[in-house]
$ cat run38.csv   # CSV, C-alpha atoms and all ligand atoms
chain,number,residue,atom,x,y,z
A,10,MET,CA,80.5,29.8,-66.5
A,11,ILE,CA,83.8,31.5,-67.4
A,12,GLU,CA,87.0,30.1,-65.8
A,13,LEU,CA,89.7,32.8,-65.3
A,14,TYR,CA,93.3,31.6,-64.9
A,15,LYS,CA,95.2,34.2,-63.0
A,16,LEU,CA,97.9,35.5,-60.9
A,17,HIS,CA,95.8,37.6,-58.5
A,18,TRP,CA,98.0,40.7,-58.4
A,19,SER,CA,98.5,41.0,-62.2
A,20,HIS,CA,97.1,44.3,-63.6
A,21,TYR,CA,96.3,42.5,-66.9
A,22,VAL,CA,94.2,40.0,-64.9
A,23,GLU,CA,92.4,42.8,-63.1
A,24,LYS,CA,91.3,44.1,-66.5
A,25,VAL,CA,89.5,40.9,-67.3
A,26,ARG,CA,88.1,40.5,-63.7
A,27,TRP,CA,86.7,44.0,-63.9
A,28,ALA,CA,85.2,43.3,-67.4
A,29,LEU,CA,83.6,40.1,-66.2
A,30,ASP,CA,82.0,41.9,-63.2
A,31,TYR,CA,80.9,44.8,-65.3
A,32,LYS,CA,79.2,42.4,-67.7
A,33,ARG,CA,77.7,40.5,-64.7
A,34,LEU,CA,78.9,37.2,-66.0
A,35,ASP,CA,79.3,34.1,-63.9
A,36,TRP,CA,83.0,33.4,-63.4
A,37,ARG,CA,85.4,31.6,-61.1
A,38,GLY,CA,89.1,32.3,-60.7
A,39,ILE,CA,91.8,29.6,-60.8
A,40,ASP,CA,95.2,30.6,-59.3
A,41,ILE,CA,98.1,29.3,-61.3
A,42,VAL,CA,101.6,28.4,-60.1
A,43,ALA,CA,103.7,31.0,-62.0
A,44,PHE,CA,106.8,28.7,-62.3
A,45,THR,CA,105.0,25.8,-64.0
A,46,LYS,CA,101.7,27.1,-65.3
A,47,ARG,CA,100.6,23.5,-65.5
A,48,GLU,CA,97.0,24.4,-64.8
A,49,MET,CA,96.7,26.0,-68.3
A,50,LYS,CA,98.9,23.7,-70.4
A,51,ARG,CA,95.8,21.9,-71.9
A,52,PHE,CA,94.8,25.1,-73.7
A,53,ASP,CA,96.2,25.8,-77.1
A,54,CYS,CA,96.8,29.5,-76.7
A,55,ALA,CA,99.6,31.8,-75.4
A,56,GLN,CA,100.5,30.7,-71.9
A,57,THR,CA,100.1,34.1,-70.2
A,58,VAL,CA,97.5,35.2,-67.7
A,59,PRO,CA,94.8,36.3,-67.9
A,60,LEU,CA,93.5,33.3,-69.8
A,61,ILE,CA,89.8,32.4,-69.9
A,62,HIS,CA,88.0,29.2,-70.7
A,63,ASP,CA,84.3,29.6,-71.5
A,64,THR,CA,82.7,26.3,-70.5
A,65,ALA,CA,79.5,27.2,-72.4
A,66,THR,CA,81.3,27.6,-75.8
A,67,GLY,CA,84.5,25.7,-75.2
A,68,VAL,CA,86.6,28.7,-76.2
A,69,ALA,CA,89.9,29.2,-74.5
A,70,ILE,CA,91.7,32.5,-75.1
A,71,SER,CA,94.5,34.5,-73.6
A,72,ASP,CA,95.5,38.2,-73.9
A,73,SER,CA,93.4,40.6,-72.0
A,74,SER,CA,92.1,42.8,-74.9
A,75,PRO,CA,91.1,39.9,-77.2
A,76,ILE,CA,89.4,38.4,-74.1
A,77,ILE,CA,87.3,41.5,-73.5
A,78,ARG,CA,86.4,41.7,-77.2
A,79,TYR,CA,85.4,38.0,-77.1
A,80,LEU,CA,83.2,38.7,-74.1
A,81,ASP,CA,81.6,41.7,-75.7
A,82,ASP,CA,80.9,39.8,-78.9
A,83,THR,CA,79.6,36.7,-77.2
A,84,TYR,CA,77.7,38.4,-74.4
A,85,PRO,CA,76.5,41.7,-75.8
A,86,GLU,CA,74.6,42.9,-72.6
A,87,HIS,CA,76.4,45.7,-70.7
A,88,PRO,CA,78.8,46.5,-73.6
A,89,LEU,CA,82.3,47.7,-73.0
A,90,LEU,CA,83.2,48.5,-76.6
A,91,PRO,CA,81.4,51.3,-78.5
A,92,ALA,CA,78.7,50.2,-81.0
A,93,ASP,CA,79.8,52.5,-83.8
A,94,PRO,CA,82.7,51.2,-86.0
A,95,ALA,CA,84.9,54.3,-85.6
A,96,GLY,CA,84.6,54.4,-81.8
A,97,ARG,CA,85.2,50.7,-81.7
A,98,THR,CA,88.4,50.9,-83.7
A,99,LEU,CA,89.6,53.8,-81.5
A,100,ALA,CA,88.8,52.0,-78.3
A,101,TRP,CA,90.6,48.9,-79.6
A,102,ARG,CA,93.7,51.0,-80.6
A,103,TRP,CA,93.8,52.5,-77.1
A,104,MET,CA,93.5,49.1,-75.5
A,105,VAL,CA,96.4,47.4,-77.4
A,106,THR,CA,98.5,50.6,-77.3
A,107,LEU,CA,98.2,50.7,-73.5
A,108,ASP,CA,98.8,46.9,-73.2
A,109,SER,CA,102.0,47.2,-75.3
A,110,THR,CA,103.4,50.3,-73.6
A,111,LEU,CA,101.9,51.4,-70.2
A,112,GLY,CA,101.2,47.9,-69.1
A,113,LEU,CA,104.7,46.6,-69.8
A,114,ASN,CA,106.5,49.7,-68.5
A,115,ALA,CA,104.4,50.0,-65.3
A,116,ARG,CA,105.1,46.3,-64.6
A,117,ARG,CA,108.8,46.9,-65.0
A,118,LEU,CA,108.8,49.8,-62.6
A,119,GLY,CA,106.4,48.3,-60.1
A,120,TYR,CA,108.6,45.2,-59.6
A,121,THR,CA,111.7,47.3,-59.6
A,122,GLN,CA,110.2,49.3,-56.8
A,123,VAL,CA,109.5,46.2,-54.8
A,124,ILE,CA,113.0,44.9,-55.4
A,125,MET,CA,114.6,48.2,-54.3
A,126,GLU,CA,112.6,48.5,-51.1
A,127,CYS,CA,111.2,45.2,-49.9
A,128,PRO,CA,112.1,42.2,-52.1
A,129,GLY,CA,110.7,39.8,-49.4
A,130,ILE,CA,107.2,40.7,-50.8
A,131,LEU,CA,108.1,38.7,-54.0
A,132,SER,CA,107.9,35.3,-52.2
A,133,LYS,CA,104.5,36.3,-50.7
A,134,LEU,CA,103.3,36.9,-54.3
A,135,PHE,CA,104.9,34.0,-56.1
A,136,MET,CA,105.4,31.3,-53.5
A,137,PRO,CA,102.5,31.2,-51.1
A,138,GLN,CA,101.7,27.5,-52.0
A,139,VAL,CA,105.2,26.3,-52.6
A,140,CYS,CA,106.2,23.8,-49.7
A,141,GLY,CA,103.2,24.9,-47.7
A,142,GLY,CA,104.3,28.6,-47.7
A,143,LEU,CA,107.8,27.8,-46.3
A,144,PHE,CA,109.4,30.5,-48.4
A,145,THR,CA,107.1,33.2,-47.1
A,146,ARG,CA,108.6,32.8,-43.6
A,147,PRO,CA,111.1,35.5,-42.5
A,148,VAL,CA,114.6,33.9,-43.1
A,149,LEU,CA,113.7,31.9,-46.2
A,150,ARG,CA,111.8,34.9,-47.6
A,151,THR,CA,115.1,36.8,-47.4
A,152,LEU,CA,117.0,34.0,-49.1
A,153,ALA,CA,114.4,33.5,-51.8
A,154,ALA,CA,114.3,37.2,-52.7
A,155,PRO,CA,117.6,37.4,-54.7
A,156,VAL,CA,116.6,34.3,-56.7
A,157,LEU,CA,113.1,35.6,-57.5
A,158,GLY,CA,114.3,39.1,-58.1
A,159,THR,CA,117.1,38.1,-60.5
A,160,MET,CA,114.7,35.8,-62.4
A,161,LEU,CA,112.2,38.7,-62.8
A,162,ALA,CA,114.9,41.2,-63.6
A,163,LEU,CA,116.1,39.0,-66.5
A,164,ARG,CA,112.6,38.2,-67.6
A,165,PHE,CA,111.5,41.9,-67.8
A,166,ARG,CA,114.9,43.7,-68.1
A,167,PHE,CA,114.7,45.8,-64.9
A,168,HIS,CA,118.4,46.4,-65.1
A,169,ARG,CA,117.9,48.2,-68.4
A,170,ASN,CA,115.2,50.6,-67.1
A,171,ARG,CA,117.5,53.6,-67.5
A,172,GLN,CA,118.9,52.7,-70.9
A,173,ASP,CA,115.4,51.9,-72.2
A,174,ARG,CA,114.1,55.3,-70.9
A,175,VAL,CA,111.3,53.6,-69.1
A,176,TYR,CA,110.6,56.5,-66.7
A,177,GLU,CA,110.8,59.1,-69.5
A,178,GLN,CA,108.6,57.1,-71.9
A,179,LEU,CA,105.9,56.7,-69.3
A,180,GLU,CA,106.0,60.4,-68.4
A,181,GLU,CA,105.8,61.3,-72.1
A,182,GLN,CA,102.8,59.1,-72.5
A,183,LEU,CA,100.9,59.8,-69.3
A,184,VAL,CA,101.1,63.6,-69.1
A,185,PRO,CA,99.1,64.2,-72.3
A,186,ILE,CA,96.7,61.4,-71.3
A,187,ALA,CA,96.1,63.1,-68.0
A,188,ALA,CA,95.5,66.5,-69.8
A,189,ARG,CA,93.0,64.8,-72.1
A,190,LEU,CA,91.0,63.2,-69.3
A,191,GLU,CA,90.9,66.5,-67.5
A,192,ARG,CA,89.1,67.9,-70.6
A,193,GLN,CA,87.0,65.0,-71.7
A,194,GLY,CA,86.6,62.5,-68.8
A,195,PHE,CA,86.9,59.4,-71.0
A,196,LEU,CA,89.4,58.2,-73.6
A,197,VAL,CA,86.8,57.5,-76.3
A,198,GLY,CA,83.5,59.3,-76.8
A,199,GLY,CA,81.3,60.4,-73.9
A,200,ARG,CA,81.1,57.2,-71.8
A,201,PHE,CA,83.1,54.6,-69.9
A,202,THR,CA,84.6,52.0,-72.3
A,203,ALA,CA,87.1,49.2,-72.2
A,204,ALA,CA,89.8,51.8,-73.1
A,205,ASP,CA,89.2,53.6,-69.8
A,206,LEU,CA,89.1,50.3,-67.9
A,207,THR,CA,92.4,49.3,-69.5
A,208,LEU,CA,94.1,52.6,-68.6
A,209,ALA,CA,92.8,52.5,-65.0
A,210,CYS,CA,94.0,48.9,-64.5
A,211,LEU,CA,97.4,49.2,-66.2
A,212,LEU,CA,98.3,52.3,-64.2
A,213,ARG,CA,98.0,50.3,-61.0
A,214,PRO,CA,101.7,49.4,-60.5
A,215,LEU,CA,102.7,53.1,-60.8
A,216,ARG,CA,100.7,53.8,-57.6
A,217,ILE,CA,103.8,52.4,-55.7
A,218,VAL,CA,106.4,54.3,-57.8
A,219,PRO,CA,106.9,57.6,-56.0
A,220,HIS,CA,108.1,59.4,-59.2
A,221,PHE,CA,104.6,58.9,-60.7
A,222,ALA,CA,102.4,58.8,-57.6
A,223,HIS,CA,103.7,62.2,-56.6
A,224,HIS,CA,104.1,63.6,-60.1
A,225,PRO,CA,102.6,67.1,-60.1
A,226,ARG,CA,101.2,66.6,-63.6
A,227,LEU,CA,99.7,63.2,-62.9
A,228,GLN,CA,97.6,63.9,-59.8
A,229,SER,CA,94.4,64.3,-61.8
A,230,LEU,CA,95.1,61.0,-63.6
A,231,PHE,CA,95.3,59.1,-60.3
A,232,ALA,CA,92.2,60.9,-59.0
A,233,TRP,CA,90.4,59.8,-62.2
A,234,GLN,CA,91.5,56.3,-61.6
A,235,GLU,CA,90.4,56.4,-57.9
A,236,ARG,CA,87.0,57.7,-59.0
A,237,LEU,CA,86.6,54.8,-61.4
A,238,PHE,CA,87.6,52.3,-58.7
A,239,ARG,CA,85.0,53.7,-56.3
A,240,GLU,CA,82.2,53.9,-58.9
A,241,HIS,CA,82.9,50.3,-60.1
A,242,GLY,CA,83.6,48.8,-56.7
A,243,ARG,CA,87.2,47.8,-57.5
A,244,ASP,CA,89.7,47.0,-54.7
A,245,ALA,CA,91.2,50.2,-53.3
A,246,ALA,CA,94.6,48.6,-52.9
A,247,PHE,CA,96.3,45.4,-54.1
A,248,PRO,CA,98.2,43.2,-51.6
A,249,TYR,CA,101.6,44.5,-52.9
A,250,GLU,CA,100.5,48.1,-52.3
A,251,THR,CA,99.4,47.3,-48.8
A,252,LEU,CA,102.6,45.3,-48.0
A,253,LEU,CA,104.8,48.0,-49.3
A,254,ALA,CA,102.9,50.8,-47.6
A,255,GLU,CA,103.4,49.0,-44.2
A,256,HIS,CA,107.1,48.6,-44.9
A,257,ARG,CA,107.4,52.3,-45.8
A,258,GLN,CA,105.5,53.3,-42.7
A,259,ARG,CA,108.0,51.4,-40.6
A,260,ARG,CA,111.0,52.7,-42.4
A,261,GLY,CA,109.8,56.2,-42.9
A,262,SER,CA,111.4,56.6,-46.3
A,263,VAL,CA,111.0,55.4,-49.9
A,264,ARG,CA,113.3,55.0,-53.0
A,265,GLY,CA,111.9,57.9,-55.0
A,266,ARG,CA,114.1,60.4,-56.5
A,267,VAL,CA,115.2,59.5,-60.0
A,268,VAL,CA,118.6,61.3,-60.1
A,269,TRP,CA,119.1,61.4,-63.9
A,270,LEU,CA,115.8,63.3,-64.5
A,271,ALA,CA,116.5,67.0,-64.4
A,272,PRO,CA,113.8,68.9,-62.5
A,273,ASP,CA,113.5,71.5,-65.3
A,274,ARG,CA,113.2,68.9,-68.2
A,275,PRO,CA,110.6,69.8,-70.7
A,276,LEU,CA,107.4,67.8,-70.5
A,277,PRO,CA,105.2,66.9,-73.5
A,278,ALA,CA,102.4,69.2,-74.4
A,279,GLY,CA,100.7,67.5,-77.4
A,280,ASP,CA,97.5,65.6,-77.4
A,281,ALA,CA,97.4,61.9,-76.6
A,282,GLN,CA,96.9,59.5,-79.5
A,283,PRO,CA,97.0,55.7,-79.6
A,284,LEU,CA,99.4,53.8,-81.9
A,285,PRO,CA,98.1,52.2,-85.1
A,286,LEU,CA,98.5,48.7,-83.6
A,287,GLU,CA,96.2,45.7,-84.3
A,288,SER,CA,97.4,43.5,-81.4
A,289,ALA,CA,99.3,43.8,-78.2
A,290,ARG,CA,103.1,43.3,-77.9
A,291,ASN,CA,104.7,41.7,-74.8
A,292,ASP,CA,108.3,41.9,-73.4
A,293,ILE,CA,108.7,38.5,-71.6
A,294,HIS,CA,112.2,37.0,-72.1
A,295,GLU,CA,112.9,33.4,-71.5
A,296,VAL,CA,115.3,32.8,-68.6
A,297,SER,CA,117.2,29.6,-68.0
A,298,ARG,CA,118.5,28.6,-64.5
A,299,TRP,CA,122.1,28.9,-65.8
A,300,GLN,CA,121.7,32.6,-66.3
A,301,LEU,CA,120.7,33.3,-62.7
A,302,LEU,CA,124.1,33.2,-61.0
A,303,PRO,CA,125.9,35.4,-63.5
A,304,ALA,CA,123.0,37.8,-63.3
A,305,LEU,CA,123.0,38.2,-59.5
A,306,PRO,CA,125.2,41.4,-59.7
A,307,ALA,CA,122.5,43.0,-61.8
A,308,TYR,CA,119.9,42.3,-59.1
A,309,PHE,CA,122.2,43.7,-56.3
A,310,SER,CA,123.1,46.8,-58.3
A,311,LEU,CA,119.3,47.4,-58.8
A,312,ARG,CA,118.8,46.9,-55.1
A,313,TRP,CA,121.6,49.2,-54.0
A,314,SER,CA,121.8,51.6,-56.9
A,315,GLY,CA,122.3,55.2,-56.0
A,316,ALA,CA,120.4,56.3,-59.1
A,317,ILE,CA,117.0,56.2,-57.3
A,318,LYS,CA,117.6,58.0,-54.1
A,319,ARG,CA,115.8,57.7,-50.7
A,320,MET,CA,113.4,60.4,-49.7
A,321,PRO,CA,110.9,60.7,-46.8
A,322,TYR,CA,107.7,58.6,-47.0
A,323,VAL,CA,104.6,60.6,-47.6
A,324,PRO,CA,101.6,58.5,-48.5
A,325,ALA,CA,99.9,59.6,-51.8
A,326,ALA,CA,96.4,60.8,-51.3
A,327,TRP,CA,94.3,61.2,-54.4
A,328,PRO,CA,90.9,62.6,-53.9
A,329,ALA,CA,88.4,60.8,-56.2
A,330,GLY,CA,88.4,63.3,-59.0
B,1,LIG,N1,99.3,41.3,-73.4
B,1,LIG,C1,99.0,40.4,-72.4
B,1,LIG,C2,100.0,40.4,-71.2
B,1,LIG,C3,99.8,39.3,-70.2
B,1,LIG,C4,101.1,39.0,-69.4
B,1,LIG,O1,102.2,39.4,-69.7
B,1,LIG,N2,100.8,38.4,-68.2
B,1,LIG,C5,101.9,38.1,-67.3
B,1,LIG,C6,101.4,38.4,-65.9
B,1,LIG,S1,101.3,40.1,-65.6
B,1,LIG,C7,102.2,36.6,-67.4
B,1,LIG,O2,101.3,35.8,-67.8
B,1,LIG,N3,103.4,36.2,-67.1
B,1,LIG,C8,103.7,34.9,-67.2
B,1,LIG,C9,105.2,34.7,-67.4
B,1,LIG,O3,106.0,35.6,-67.2
B,1,LIG,O4,105.6,33.5,-67.7
B,1,LIG,C10,97.6,40.6,-71.8
B,1,LIG,O5,97.1,41.7,-72.1
B,1,LIG,O6,97.0,39.7,-71.2

$ encode --input "run38.csv" --output "structure tokens" --more "lines below"
Ligand SMILES: N[C@@H](CCC(=O)N[C@@H](CS)C(=O)NCC(=O)O)C(=O)O
Amino acid sequence: MIELYKLHWSHYVEKVRWALDYKRLDWRGIDIVAFTKREMKRFDCAQTVPLIHDTATGVAISDSSPIIRYLDDTYPEHPLLPADPAGRTLAWRWMVTLDSTLGLNARRLGYTQVIMECPGILSKLFMPQVCGGLFTRPVLRTLAAPVLGTMLALRFRFHRNRQDRVYEQLEEQLVPIAARLERQGFLVGGRFTAADLTLACLLRPLRIVPHFAHHPRLQSLFAWQERLFREHGRDAAFPYETLLAEHRQRRGSVRGRVVWLAPDRPLPAGDAQPLPLESARNDIHEVSRWQLLPALPAYFSLRWSGAIKRMPYVPAAWPAG
């Protein structure tokens, strides 16, 4: 039995959930409390989710790509990594590249989108068990939002999205990947591997970011993702996607137009290549409670910034490509 420590909406957690299902392993999920993570303190590995504890071998390991490699090595049936060394190295490089770039940038923009449009969603994600769900009720949800939003903004640097060129970096990375998948169907070789699984999962937060969800050069990529979700029986929508879609439906508009991106900017044309990385990087910054008050203006400027303009809500519709 594999125990999977998780935050259920995390795209890195979904990578491992999908891998466990694909490999038909017995597993059970354990939801952690994000603020304390006390459920996983007994394990001597990085305190991020996903973290697995294999009760058969006693191994505890965090970081989604090493977890998948461990599962493939320990339980070789239904392999997710190619058997040949060159394919294996390439798949690994794609996995850790996507973990270190797409996964982090998509998380930044996904949370930013929630904060800009409907920050009340944050307490539904982070605080459903705190005080019996008190902070998910209407008034307290509104009061909790700036605190949670500021904490997350400091932790993941949402207030620096523009300076750090997060939209541009993602576009430069994803347009060539979309073109490659249109030609080849898979990132590595001629079959589905953990590299494709990683890409499909880590793209997930961008489904709520209109700049990407409606990007003319990325429609084939979301259609590819949708096809994999259907073929592998993955959830069509995560709770934050559904909650935000309901909010948008009511409001009739979204924060979508990134004003500093010129419509005629050149888009990359080269082929997509992974970086020569051996392990994944992360971008979590420690935050102390003393930083929260001085950082509130950063939260409110994110929330009311004119740099991402409102536009009419049109639900994205990707045919399974
Ligand atoms: N590279 C890691 C990233 C994992 C990660 O950053 N997980 C986040 C959830 S999406 C986490 O554990 N956050 C805990 C925290 O911020 O303290 C992986 O692939 O598993």

$ residues_near_ligand --input "run38.csv" --ligand "ligand LIG 1 (chain B)" --cutoff "9 Å" --atoms "all atoms listed in the file" --output "JSON, numbers by chain"
{"A": [15, 16, 18, 19, 20, 21, 22, 24, 25, 43, 44, 45, 46, 55, 56, 57, 58, 59, 60, 71, 72, 73, 74, 75, 76, 104, 105, 108, 109, 112, 113, 116, 161, 164, 165, 288, 289, 290, 291, 292, 293, 294, 295]}

$ closest_residue --input "run38.csv" --among "A:Ala162, A:Cys210, A:Leu134, A:Met10" --to "A:Arg117" --atoms "all atoms listed in the file"
A:Ala162

$ residues_around --input "run38.csv" --residues "A:Pro147" --least-positions-apart "4" --cutoff "12 Å" --atoms "only C-alpha atoms" --output "list of chain:residue names"
A:Pro128, A:Gly129, A:Ile130, A:Ser132, A:Lys133, A:Gly142, A:Leu143, A:Thr151, A:Leu152, A:Ala153, A:Ala154

$ atom_distance --input "run38.csv" --atom1 "atom CA of A:Glu48" --atom2 "atom CA of A:Tyr14"
8.1 Å

$ closest_residue --input "run38.csv" --among "A:Arg102, A:Gly279, A:Phe167, A:Arg37" --to "A:Gln122" --atoms "all atoms listed in the file"
A:Phe167

$ closest_residue --input "run38.csv" --among "A:Ala100, A:Arg319, A:Leu302, A:Leu253" --to "A:Pro285" --atoms "only C-alpha atoms"
A:Ala100

$ closest_residue --input "run38.csv" --among "A:Ala254, A:Leu111, A:Ile61, A:Leu212" --to "A:Leu29" --atoms "all atoms listed in the file"
A:Ile61

$ residues_around --input "run38.csv" --residues "stretch 172-182 of chain A" --least-positions-apart "4" --cutoff "8 Å" --atoms "only C-alpha atoms" --output "list in words"
Leu111, Asn114, Ala115, Leu118, Ile186, Phe221, Leu276, Pro277 and Ala281 of chain A

$ atom_distance --input "run38.csv" --atom1 "atom CA of A:Leu80" --atom2 "atom CA of A:Val42"
25.3 Å

$ closest_residue --input "run38.csv" --among "A:Ile70, A:Thr106, A:His62, A:Ala95" --to "A:Leu284" --atoms "all atoms listed in the file"
A:Thr106

$ atom_distance --input "run38.csv" --atom1 "atom CA of A:Cys127" --atom2 "atom CA of A:Ala307"
16.6 Å

$ residues_around --input "run38.csv" --residues "A:Ala92" --least-positions-apart "4" --cutoff "12 Å" --atoms "only C-alpha atoms" --output "ChimeraX atom specification"
/A:81-82,85-88,96-100,197-198,200,202

$ write_last_selection --input "run38.csv" --atoms "C-alpha atoms" --output "mmCIF file, in the frame of the given file"
data_model
loop_
_atom_site.group_PDB
_atom_site.id
_atom_site.type_symbol
_atom_site.label_atom_id
_atom_site.label_comp_id
_atom_site.auth_asym_id
_atom_site.auth_seq_id
_atom_site.Cartn_x
_atom_site.Cartn_y
_atom_site.Cartn_z
ATOM 1 C CA ASP A 81 81.600 41.700 -75.700
ATOM 2 C CA ASP A 82 80.900 39.800 -78.900
ATOM 3 C CA PRO A 85 76.500 41.700 -75.800
ATOM 4 C CA GLU A 86 74.600 42.900 -72.600
ATOM 5 C CA HIS A 87 76.400 45.700 -70.700
ATOM 6 C CA PRO A 88 78.800 46.500 -73.600
ATOM 7 C CA GLY A 96 84.600 54.400 -81.800
ATOM 8 C CA ARG A 97 85.200 50.700 -81.700
ATOM 9 C CA THR A 98 88.400 50.900 -83.700
ATOM 10 C CA LEU A 99 89.600 53.800 -81.500
ATOM 11 C CA ALA A 100 88.800 52.000 -78.300
ATOM 12 C CA VAL A 197 86.800 57.500 -76.300
ATOM 13 C CA GLY A 198 83.500 59.300 -76.800
ATOM 14 C CA ARG A 200 81.100 57.200 -71.800
ATOM 15 C CA THR A 202 84.600 52.000 -72.300
#

$ closest_residue --input "run38.csv" --among "A:Glu12, A:Asp280, A:Asp205, A:Asp244" --to "A:Met49" --atoms "only C-alpha atoms"
A:Glu12

$ residues_around --input "run38.csv" --residues "A:Ile124" --least-positions-apart "6" --cutoff "9 Å" --atoms "all atoms listed in the file" --output "PyMOL selection string"
chain A and resi 130-131+154-155+158+308+311-312

$ residues_near_point --input "run38.csv" --point "(84.2, 65.3, -65.7)" --cutoff "12 Å" --atoms "all atoms listed in the file" --output "compact mmCIF listing (two decimals) with C-alpha atoms, in the frame of the given file"
# COMPACT_ATOMS: atom_id res chain seq x y z
CA ARG A 189 93.00 64.80 -72.10
CA LEU A 190 91.00 63.20 -69.30
CA GLU A 191 90.90 66.50 -67.50
CA ARG A 192 89.10 67.90 -70.60
CA GLN A 193 87.00 65.00 -71.70
CA GLY A 194 86.60 62.50 -68.80
CA PHE A 195 86.90 59.40 -71.00
CA LEU A 196 89.40 58.20 -73.60
CA GLY A 199 81.30 60.40 -73.90
CA ARG A 200 81.10 57.20 -71.80
CA PHE A 201 83.10 54.60 -69.90
CA SER A 229 94.40 64.30 -61.80
CA LEU A 230 95.10 61.00 -63.60
CA ALA A 232 92.20 60.90 -59.00
CA TRP A 233 90.40 59.80 -62.20
CA ARG A 236 87.00 57.70 -59.00
CA LEU A 237 86.60 54.80 -61.40
CA ALA A 329 88.40 60.80 -56.20
CA GLY A 330 88.40 63.30 -59.00

$ build_atoms --input "run38.csv" --residues "stretch 36-51 of chain A" --atoms "N, CA and C atoms" --output "PDB file, in the frame of the given file"
ATOM      1  N   TRP A  36      81.623  33.801 -63.144  1.00  0.00           N
ATOM      2  CA  TRP A  36      83.000  33.400 -63.400  1.00  0.00           C
ATOM      3  C   TRP A  36      83.609  32.848 -62.088  1.00  0.00           C
ATOM      4  N   ARG A  37      84.660  32.025 -62.261  1.00  0.00           N
ATOM      5  CA  ARG A  37      85.400  31.600 -61.100  1.00  0.00           C
ATOM      6  C   ARG A  37      86.911  31.720 -61.423  1.00  0.00           C
ATOM      7  N   GLY A  38      87.700  32.110 -60.442  1.00  0.00           N
ATOM      8  CA  GLY A  38      89.100  32.300 -60.700  1.00  0.00           C
ATOM      9  C   GLY A  38      89.905  31.040 -60.319  1.00  0.00           C
ATOM     10  N   ILE A  39      90.963  30.765 -61.088  1.00  0.00           N
ATOM     11  CA  ILE A  39      91.800  29.600 -60.800  1.00  0.00           C
ATOM     12  C   ILE A  39      93.265  30.181 -60.723  1.00  0.00           C
ATOM     13  N   ASP A  40      93.846  30.129 -59.510  1.00  0.00           N
ATOM     14  CA  ASP A  40      95.200  30.600 -59.300  1.00  0.00           C
ATOM     15  C   ASP A  40      96.205  29.670 -59.932  1.00  0.00           C
ATOM     16  N   ILE A  41      97.124  30.174 -60.730  1.00  0.00           N
ATOM     17  CA  ILE A  41      98.100  29.300 -61.300  1.00  0.00           C
ATOM     18  C   ILE A  41      99.424  29.355 -60.523  1.00  0.00           C
ATOM     19  N   VAL A  42     100.278  28.340 -60.683  1.00  0.00           N
ATOM     20  CA  VAL A  42     101.600  28.400 -60.100  1.00  0.00           C
ATOM     21  C   VAL A  42     102.503  29.025 -61.204  1.00  0.00           C
ATOM     22  N   ALA A  43     103.064  30.196 -60.922  1.00  0.00           N
ATOM     23  CA  ALA A  43     103.700  31.000 -62.000  1.00  0.00           C
ATOM     24  C   ALA A  43     104.908  30.204 -62.607  1.00  0.00           C
ATOM     25  N   PHE A  44     105.579  29.331 -61.823  1.00  0.00           N
ATOM     26  CA  PHE A  44     106.800  28.700 -62.300  1.00  0.00           C
ATOM     27  C   PHE A  44     106.480  27.545 -63.321  1.00  0.00           C
ATOM     28  N   THR A  45     105.315  26.915 -63.179  1.00  0.00           N
ATOM     29  CA  THR A  45     105.000  25.800 -64.000  1.00  0.00           C
ATOM     30  C   THR A  45     103.868  26.045 -65.006  1.00  0.00           C
ATOM     31  N   LYS A  46     102.917  26.808 -64.577  1.00  0.00           N
ATOM     32  CA  LYS A  46     101.700  27.100 -65.300  1.00  0.00           C
ATOM     33  C   LYS A  46     101.000  25.839 -65.805  1.00  0.00           C
ATOM     34  N   ARG A  47     101.145  24.769 -65.032  1.00  0.00           N
ATOM     35  CA  ARG A  47     100.600  23.500 -65.500  1.00  0.00           C
ATOM     36  C   ARG A  47      99.100  23.491 -65.613  1.00  0.00           C
ATOM     37  N   GLU A  48      98.447  24.366 -64.840  1.00  0.00           N
ATOM     38  CA  GLU A  48      97.000  24.400 -64.800  1.00  0.00           C
ATOM     39  C   GLU A  48      96.433  24.802 -66.216  1.00  0.00           C
ATOM     40  N   MET A  49      97.240  25.511 -67.044  1.00  0.00           N
ATOM     41  CA  MET A  49      96.700  26.000 -68.300  1.00  0.00           C
ATOM     42  C   MET A  49      97.305  25.299 -69.532  1.00  0.00           C
ATOM     43  N   LYS A  50      98.160  24.302 -69.274  1.00  0.00           N
ATOM     44  CA  LYS A  50      98.900  23.700 -70.400  1.00  0.00           C
ATOM     45  C   LYS A  50      97.946  23.016 -71.407  1.00  0.00           C
ATOM     46  N   ARG A  51      96.744  22.608 -70.941  1.00  0.00           N
ATOM     47  CA  ARG A  51      95.800  21.900 -71.900  1.00  0.00           C
ATOM     48  C   ARG A  51      95.229  22.872 -72.903  1.00  0.00           C
TER      49      ARG A  51
END
